[in-house]
Amino acid sequence: MKRPWYITIFCVLGWIWLLVIFPSVFSPETKKIHLLLPSVYGIVVAFLFIAWVGVWHLKKWGMELFFIFLFIKTYLDNISQFISQPHSKSIQFSAGFIFFFIYGLIITILYYNKMQKEL
């Protein structure tokens with residue numbers, strides 16, 4: 001089965017986005033928030049990469065894993081913001097989250113039923 005062009009663009013932009021956010025795993029600000037946050041954040045980034053590989057190969061588990069770890073990443077971002085700035089009580093969504101959530105939702109609506117179930 002041929003991969004649609006919009007899934008190719010989605011995956012390539014996702015991998016570029018991961019390359020941009022990957023250095024934040026090792027940033028001193030992340031270490032200051034909590035000792036285990038860099039390792040948890042690194043695991044989330046790794047699973048996002050795995051999810052994009054699944055989407056690239058047109059697997060349903062790739063889309064499911066993508067949404068799960070996109071929300072976990074956003075949750076970690078908001079928790080770390082609450083810890084570093086205790087007076088701030090607002091939930092924020094990054095531009096990457098909004099873009100990839102909407103794009104992923106469109107791909108799910110258009111193509112999820114055509115994706116393969118098996119590994």
# chains A, B, ... in the order shown; residues from 1 in each chain; ligands from 1

call {"tool": "residues_around", "arguments": {"residues": "Leu37 (chain A)", "least_positions_apart": "4", "cutoff": "10 Å", "atoms": "only C-alpha atoms", "output": "list of chain:residue names"}}
result
A:Val25, A:Phe26, A:Thr30, A:Lys31, A:Lys32, A:Ile33, A:Tyr41, A:Gly42, A:Ile43, A:Leu76, A:Ser80

call {"tool": "write_last_selection", "arguments": {"atoms": "C-alpha atoms", "output": "PDB file, in the first residue's frame"}}
result
ATOM      1  CA  VAL A  25      16.225  16.419  27.709  1.00  0.00           C
ATOM      2  CA  PHE A  26      19.791  17.331  28.708  1.00  0.00           C
ATOM      3  CA  THR A  30      15.216  20.233  33.236  1.00  0.00           C
ATOM      4  CA  LYS A  31      17.645  18.839  35.816  1.00  0.00           C
ATOM      5  CA  LYS A  32      16.836  21.691  38.221  1.00  0.00           C
ATOM      6  CA  ILE A  33      13.135  20.812  38.259  1.00  0.00           C
ATOM      7  CA  TYR A  41      11.332  13.157  29.327  1.00  0.00           C
ATOM      8  CA  GLY A  42      13.885  11.171  27.302  1.00  0.00           C
ATOM      9  CA  ILE A  43      11.644   8.093  27.418  1.00  0.00           C
ATOM     10  CA  LEU A  76       5.148  16.834  31.735  1.00  0.00           C
ATOM     11  CA  SER A  80       7.486  21.201  35.089  1.00  0.00           C
TER      12      SER A  80
END

call {"tool": "closest_residue", "arguments": {"among": "A:Leu19, A:Ser94, A:Gly104, A:Trp56", "to": "Ile68 (chain A)", "atoms": "only C-alpha atoms"}}
result
A:Gly104

call {"tool": "select_by_dssp", "arguments": {"residues": "chain A", "states": "alpha helix (DSSP H)", "output": "CSV table (one decimal) with N, CA and C atoms, in the first residue's frame"}}
result
chain,number,residue,atom,x,y,z
A,5,TRP,N,0.9,11.3,0.8
A,5,TRP,CA,1.8,12.4,0.9
A,5,TRP,C,1.7,13.1,2.2
A,6,TYR,N,0.4,13.2,2.8
A,6,TYR,CA,0.2,14.0,4.0
A,6,TYR,C,0.8,13.2,5.2
A,7,ILE,N,0.8,11.9,5.1
A,7,ILE,CA,1.5,11.1,6.2
A,7,ILE,C,3.0,11.3,6.1
A,8,THR,N,3.5,11.3,4.9
A,8,THR,CA,5.0,11.5,4.8
A,8,THR,C,5.4,12.9,5.4
A,9,ILE,N,4.6,13.9,5.1
A,9,ILE,CA,4.9,15.3,5.6
A,9,ILE,C,4.8,15.3,7.1
A,10,PHE,N,3.7,14.6,7.6
A,10,PHE,CA,3.5,14.5,9.1
A,10,PHE,C,4.7,13.9,9.8
A,11,CYS,N,5.2,12.8,9.2
A,11,CYS,CA,6.3,12.0,9.9
A,11,CYS,C,7.6,12.8,9.8
A,12,VAL,N,7.9,13.4,8.6
A,12,VAL,CA,9.1,14.2,8.5
A,12,VAL,C,9.1,15.4,9.4
A,13,LEU,N,8.0,16.1,9.5
A,13,LEU,CA,7.9,17.2,10.4
A,13,LEU,C,8.0,16.8,11.8
A,14,GLY,N,7.5,15.6,12.1
A,14,GLY,CA,7.6,15.1,13.5
A,14,GLY,C,9.0,14.8,13.9
A,15,TRP,N,9.7,14.2,13.0
A,15,TRP,CA,11.1,13.8,13.3
A,15,TRP,C,11.9,15.1,13.4
A,16,ILE,N,11.7,16.1,12.6
A,16,ILE,CA,12.4,17.4,12.8
A,16,ILE,C,12.1,18.0,14.1
A,17,TRP,N,10.8,18.0,14.5
A,17,TRP,CA,10.3,18.5,15.8
A,17,TRP,C,11.1,17.8,16.9
A,18,LEU,N,11.2,16.5,16.8
A,18,LEU,CA,11.9,15.7,17.9
A,18,LEU,C,13.4,16.1,17.9
A,19,LEU,N,14.0,16.3,16.8
A,19,LEU,CA,15.4,16.8,16.8
A,19,LEU,C,15.5,18.1,17.5
A,20,VAL,N,14.5,19.0,17.4
A,20,VAL,CA,14.5,20.3,18.0
A,20,VAL,C,14.3,20.2,19.5
A,21,ILE,N,13.4,19.3,20.0
A,21,ILE,CA,13.1,19.2,21.4
A,21,ILE,C,14.1,18.3,22.1
A,28,PRO,N,20.1,22.0,31.6
A,28,PRO,CA,20.2,22.2,33.1
A,28,PRO,C,18.9,22.6,33.7
A,29,GLU,N,18.0,23.3,33.0
A,29,GLU,CA,16.7,23.7,33.6
A,29,GLU,C,15.9,22.5,33.9
A,30,THR,N,16.0,21.5,33.0
A,30,THR,CA,15.2,20.2,33.2
A,30,THR,C,15.7,19.5,34.5
A,31,LYS,N,17.1,19.5,34.6
A,31,LYS,CA,17.6,18.8,35.8
A,31,LYS,C,17.3,19.6,37.1
A,32,LYS,N,17.2,20.9,37.0
A,32,LYS,CA,16.8,21.7,38.2
A,32,LYS,C,15.4,21.4,38.7
A,33,ILE,N,14.5,21.0,37.9
A,33,ILE,CA,13.1,20.8,38.3
A,33,ILE,C,13.0,19.5,39.1
A,37,LEU,N,13.3,13.9,36.0
A,37,LEU,CA,12.6,14.4,34.9
A,37,LEU,C,13.4,14.3,33.5
A,38,PRO,N,14.7,14.4,33.5
A,38,PRO,CA,15.4,14.2,32.2
A,38,PRO,C,15.2,12.8,31.7
A,39,SER,N,15.2,11.8,32.5
A,39,SER,CA,15.1,10.4,32.1
A,39,SER,C,13.7,10.1,31.6
A,40,VAL,N,12.7,10.6,32.4
A,40,VAL,CA,11.3,10.4,32.0
A,40,VAL,C,11.0,11.2,30.6
A,41,TYR,N,11.5,12.4,30.5
A,41,TYR,CA,11.3,13.2,29.3
A,41,TYR,C,12.0,12.5,28.1
A,42,GLY,N,13.2,11.9,28.4
A,42,GLY,CA,13.9,11.2,27.3
A,42,GLY,C,13.1,10.0,26.8
A,43,ILE,N,12.5,9.2,27.8
A,43,ILE,CA,11.6,8.1,27.4
A,43,ILE,C,10.4,8.5,26.6
A,44,VAL,N,9.8,9.6,27.0
A,44,VAL,CA,8.7,10.2,26.2
A,44,VAL,C,9.1,10.5,24.8
A,45,VAL,N,10.2,11.2,24.6
A,45,VAL,CA,10.7,11.6,23.3
A,45,VAL,C,11.1,10.3,22.5
A,46,ALA,N,11.6,9.3,23.1
A,46,ALA,CA,11.9,8.0,22.4
A,46,ALA,C,10.7,7.4,21.9
A,47,PHE,N,9.6,7.3,22.8
A,47,PHE,CA,8.4,6.7,22.4
A,47,PHE,C,7.7,7.5,21.3
A,48,LEU,N,7.8,8.8,21.3
A,48,LEU,CA,7.3,9.6,20.2
A,48,LEU,C,8.0,9.3,18.9
A,49,PHE,N,9.3,9.1,18.9
A,49,PHE,CA,10.0,8.7,17.7
A,49,PHE,C,9.5,7.3,17.2
A,50,ILE,N,9.3,6.4,18.2
A,50,ILE,CA,8.8,5.0,17.8
A,50,ILE,C,7.4,5.2,17.2
A,51,ALA,N,6.6,6.1,17.8
A,51,ALA,CA,5.2,6.3,17.3
A,51,ALA,C,5.3,6.8,15.8
A,52,TRP,N,6.2,7.7,15.5
A,52,TRP,CA,6.3,8.2,14.2
A,52,TRP,C,6.8,7.1,13.2
A,53,VAL,N,7.6,6.2,13.7
A,53,VAL,CA,8.0,5.1,12.8
A,53,VAL,C,6.8,4.2,12.5
A,54,GLY,N,5.9,4.0,13.5
A,54,GLY,CA,4.7,3.2,13.3
A,54,GLY,C,3.8,3.9,12.3
A,55,VAL,N,3.6,5.2,12.4
A,55,VAL,CA,2.8,5.9,11.5
A,55,VAL,C,3.4,5.9,10.1
A,56,TRP,N,4.7,6.0,10.0
A,56,TRP,CA,5.4,5.9,8.7
A,56,TRP,C,5.1,4.6,8.0
A,60,LYS,N,-1.7,1.1,13.0
A,60,LYS,CA,-2.7,1.8,13.9
A,60,LYS,C,-2.0,2.1,15.2
A,61,TRP,N,-1.2,1.1,15.7
A,61,TRP,CA,-0.5,1.4,17.0
A,61,TRP,C,0.3,2.6,17.0
A,62,GLY,N,0.8,3.0,15.8
A,62,GLY,CA,1.7,4.2,15.7
A,62,GLY,C,0.9,5.5,16.0
A,63,MET,N,-0.4,5.5,15.5
A,63,MET,CA,-1.2,6.7,15.7
A,63,MET,C,-1.7,6.7,17.2
A,64,GLU,N,-2.0,5.5,17.7
A,64,GLU,CA,-2.4,5.5,19.1
A,64,GLU,C,-1.3,5.9,20.1
A,65,LEU,N,-0.1,5.3,19.8
A,65,LEU,CA,1.0,5.6,20.6
A,65,LEU,C,1.4,7.1,20.5
A,66,PHE,N,1.3,7.7,19.3
A,66,PHE,CA,1.5,9.1,19.1
A,66,PHE,C,0.7,10.0,20.0
A,67,PHE,N,-0.7,9.7,20.0
A,67,PHE,CA,-1.6,10.6,20.8
A,67,PHE,C,-1.3,10.4,22.3
A,68,ILE,N,-1.0,9.2,22.7
A,68,ILE,CA,-0.8,8.9,24.1
A,68,ILE,C,0.4,9.7,24.6
A,69,PHE,N,1.5,9.6,23.9
A,69,PHE,CA,2.8,10.2,24.3
A,69,PHE,C,2.8,11.7,24.0
A,70,LEU,N,2.0,12.2,23.1
A,70,LEU,CA,1.9,13.6,22.9
A,70,LEU,C,1.2,14.3,24.1
A,71,PHE,N,0.2,13.6,24.6
A,71,PHE,CA,-0.4,14.1,25.8
A,71,PHE,C,0.5,14.0,27.0
A,72,ILE,N,1.2,12.9,27.1
A,72,ILE,CA,2.1,12.8,28.3
A,72,ILE,C,3.2,13.8,28.2
A,73,LYS,N,3.7,14.1,27.0
A,73,LYS,CA,4.7,15.2,26.9
A,73,LYS,C,4.2,16.5,27.3
A,74,THR,N,3.0,16.8,26.9
A,74,THR,CA,2.3,18.1,27.3
A,74,THR,C,2.1,18.2,28.8
A,75,TYR,N,1.7,17.0,29.3
A,75,TYR,CA,1.4,17.0,30.8
A,75,TYR,C,2.8,17.2,31.5
A,76,LEU,N,3.9,16.6,31.1
A,76,LEU,CA,5.1,16.8,31.7
A,76,LEU,C,5.6,18.3,31.6
A,77,ASP,N,5.4,18.9,30.4
A,77,ASP,CA,5.7,20.3,30.2
A,77,ASP,C,5.0,21.2,31.2
A,78,ASN,N,3.7,20.9,31.4
A,78,ASN,CA,2.9,21.7,32.3
A,78,ASN,C,3.2,21.5,33.8
A,79,ILE,N,3.5,20.3,34.1
A,79,ILE,CA,3.9,20.0,35.5
A,79,ILE,C,5.2,20.6,35.8
A,80,SER,N,6.2,20.6,34.9
A,80,SER,CA,7.5,21.2,35.1
A,80,SER,C,7.3,22.7,35.2
A,81,GLN,N,6.4,23.3,34.4
A,81,GLN,CA,6.2,24.7,34.5
A,81,GLN,C,5.6,25.1,35.9
A,82,PHE,N,4.7,24.2,36.4
A,82,PHE,CA,4.1,24.5,37.7
A,82,PHE,C,5.1,24.4,38.8
A,83,ILE,N,6.1,23.5,38.7
A,83,ILE,CA,7.1,23.3,39.7
A,83,ILE,C,8.1,24.5,39.6
A,84,SER,N,8.5,24.9,38.4
A,84,SER,CA,9.5,25.9,38.3
A,84,SER,C,8.9,27.3,38.6
A,95,ALA,N,3.0,25.3,20.6
A,95,ALA,CA,2.6,25.4,19.2
A,95,ALA,C,2.8,24.0,18.6
A,96,GLY,N,3.8,23.2,19.0
A,96,GLY,CA,4.0,21.9,18.5
A,96,GLY,C,2.9,21.0,18.8
A,97,PHE,N,2.4,21.1,20.1
A,97,PHE,CA,1.3,20.2,20.5
A,97,PHE,C,0.0,20.5,19.6
A,98,ILE,N,-0.3,21.8,19.5
A,98,ILE,CA,-1.5,22.2,18.7
A,98,ILE,C,-1.4,21.7,17.3
A,99,PHE,N,-0.2,22.0,16.7
A,99,PHE,CA,0.0,21.6,15.3
A,99,PHE,C,-0.1,20.1,15.1
A,100,PHE,N,0.6,19.4,15.9
A,100,PHE,CA,0.6,17.9,15.7
A,100,PHE,C,-0.7,17.2,16.1
A,101,PHE,N,-1.3,17.8,17.1
A,101,PHE,CA,-2.6,17.2,17.5
A,101,PHE,C,-3.7,17.4,16.4
A,102,ILE,N,-3.8,18.6,15.8
A,102,ILE,CA,-4.7,18.8,14.8
A,102,ILE,C,-4.4,18.0,13.5
A,103,TYR,N,-3.1,18.0,13.1
A,103,TYR,CA,-2.7,17.3,12.0
A,103,TYR,C,-2.9,15.8,12.2
A,104,GLY,N,-2.6,15.3,13.4
A,104,GLY,CA,-2.8,13.9,13.7
A,104,GLY,C,-4.2,13.5,13.7
A,105,LEU,N,-5.1,14.4,14.2
A,105,LEU,CA,-6.5,14.2,14.2
A,105,LEU,C,-7.1,14.1,12.8
A,106,ILE,N,-6.6,14.9,11.9
A,106,ILE,CA,-7.0,14.9,10.5
A,106,ILE,C,-6.6,13.6,9.8
A,107,ILE,N,-5.3,13.2,10.1
A,107,ILE,CA,-4.9,11.9,9.5
A,107,ILE,C,-5.7,10.7,10.1
A,108,THR,N,-6.0,10.8,11.4
A,108,THR,CA,-6.7,9.7,12.0
A,108,THR,C,-8.1,9.6,11.3
A,109,ILE,N,-8.8,10.7,11.1
A,109,ILE,CA,-10.1,10.7,10.5
A,109,ILE,C,-10.0,10.2,9.1
A,110,LEU,N,-9.0,10.6,8.3
A,110,LEU,CA,-9.0,10.3,6.9
A,110,LEU,C,-8.4,8.9,6.7
A,111,TYR,N,-7.5,8.4,7.5
A,111,TYR,CA,-6.7,7.2,7.1
A,111,TYR,C,-6.7,6.1,8.2

call {"tool": "atom_distance", "arguments": {"atom1": "CA of Lys59 (chain A)", "atom2": "CA of Lys117 (chain A)"}}
result
6.1 Å

call {"tool": "atom_distance", "arguments": {"atom1": "CA of Tyr112 (chain A)", "atom2": "CA of Leu58 (chain A)"}}
result
8.6 Å

call {"tool": "atom_distance", "arguments": {"atom1": "CA of His57 (chain A)", "atom2": "CA of Ser24 (chain A)"}}
result
27.6 Å
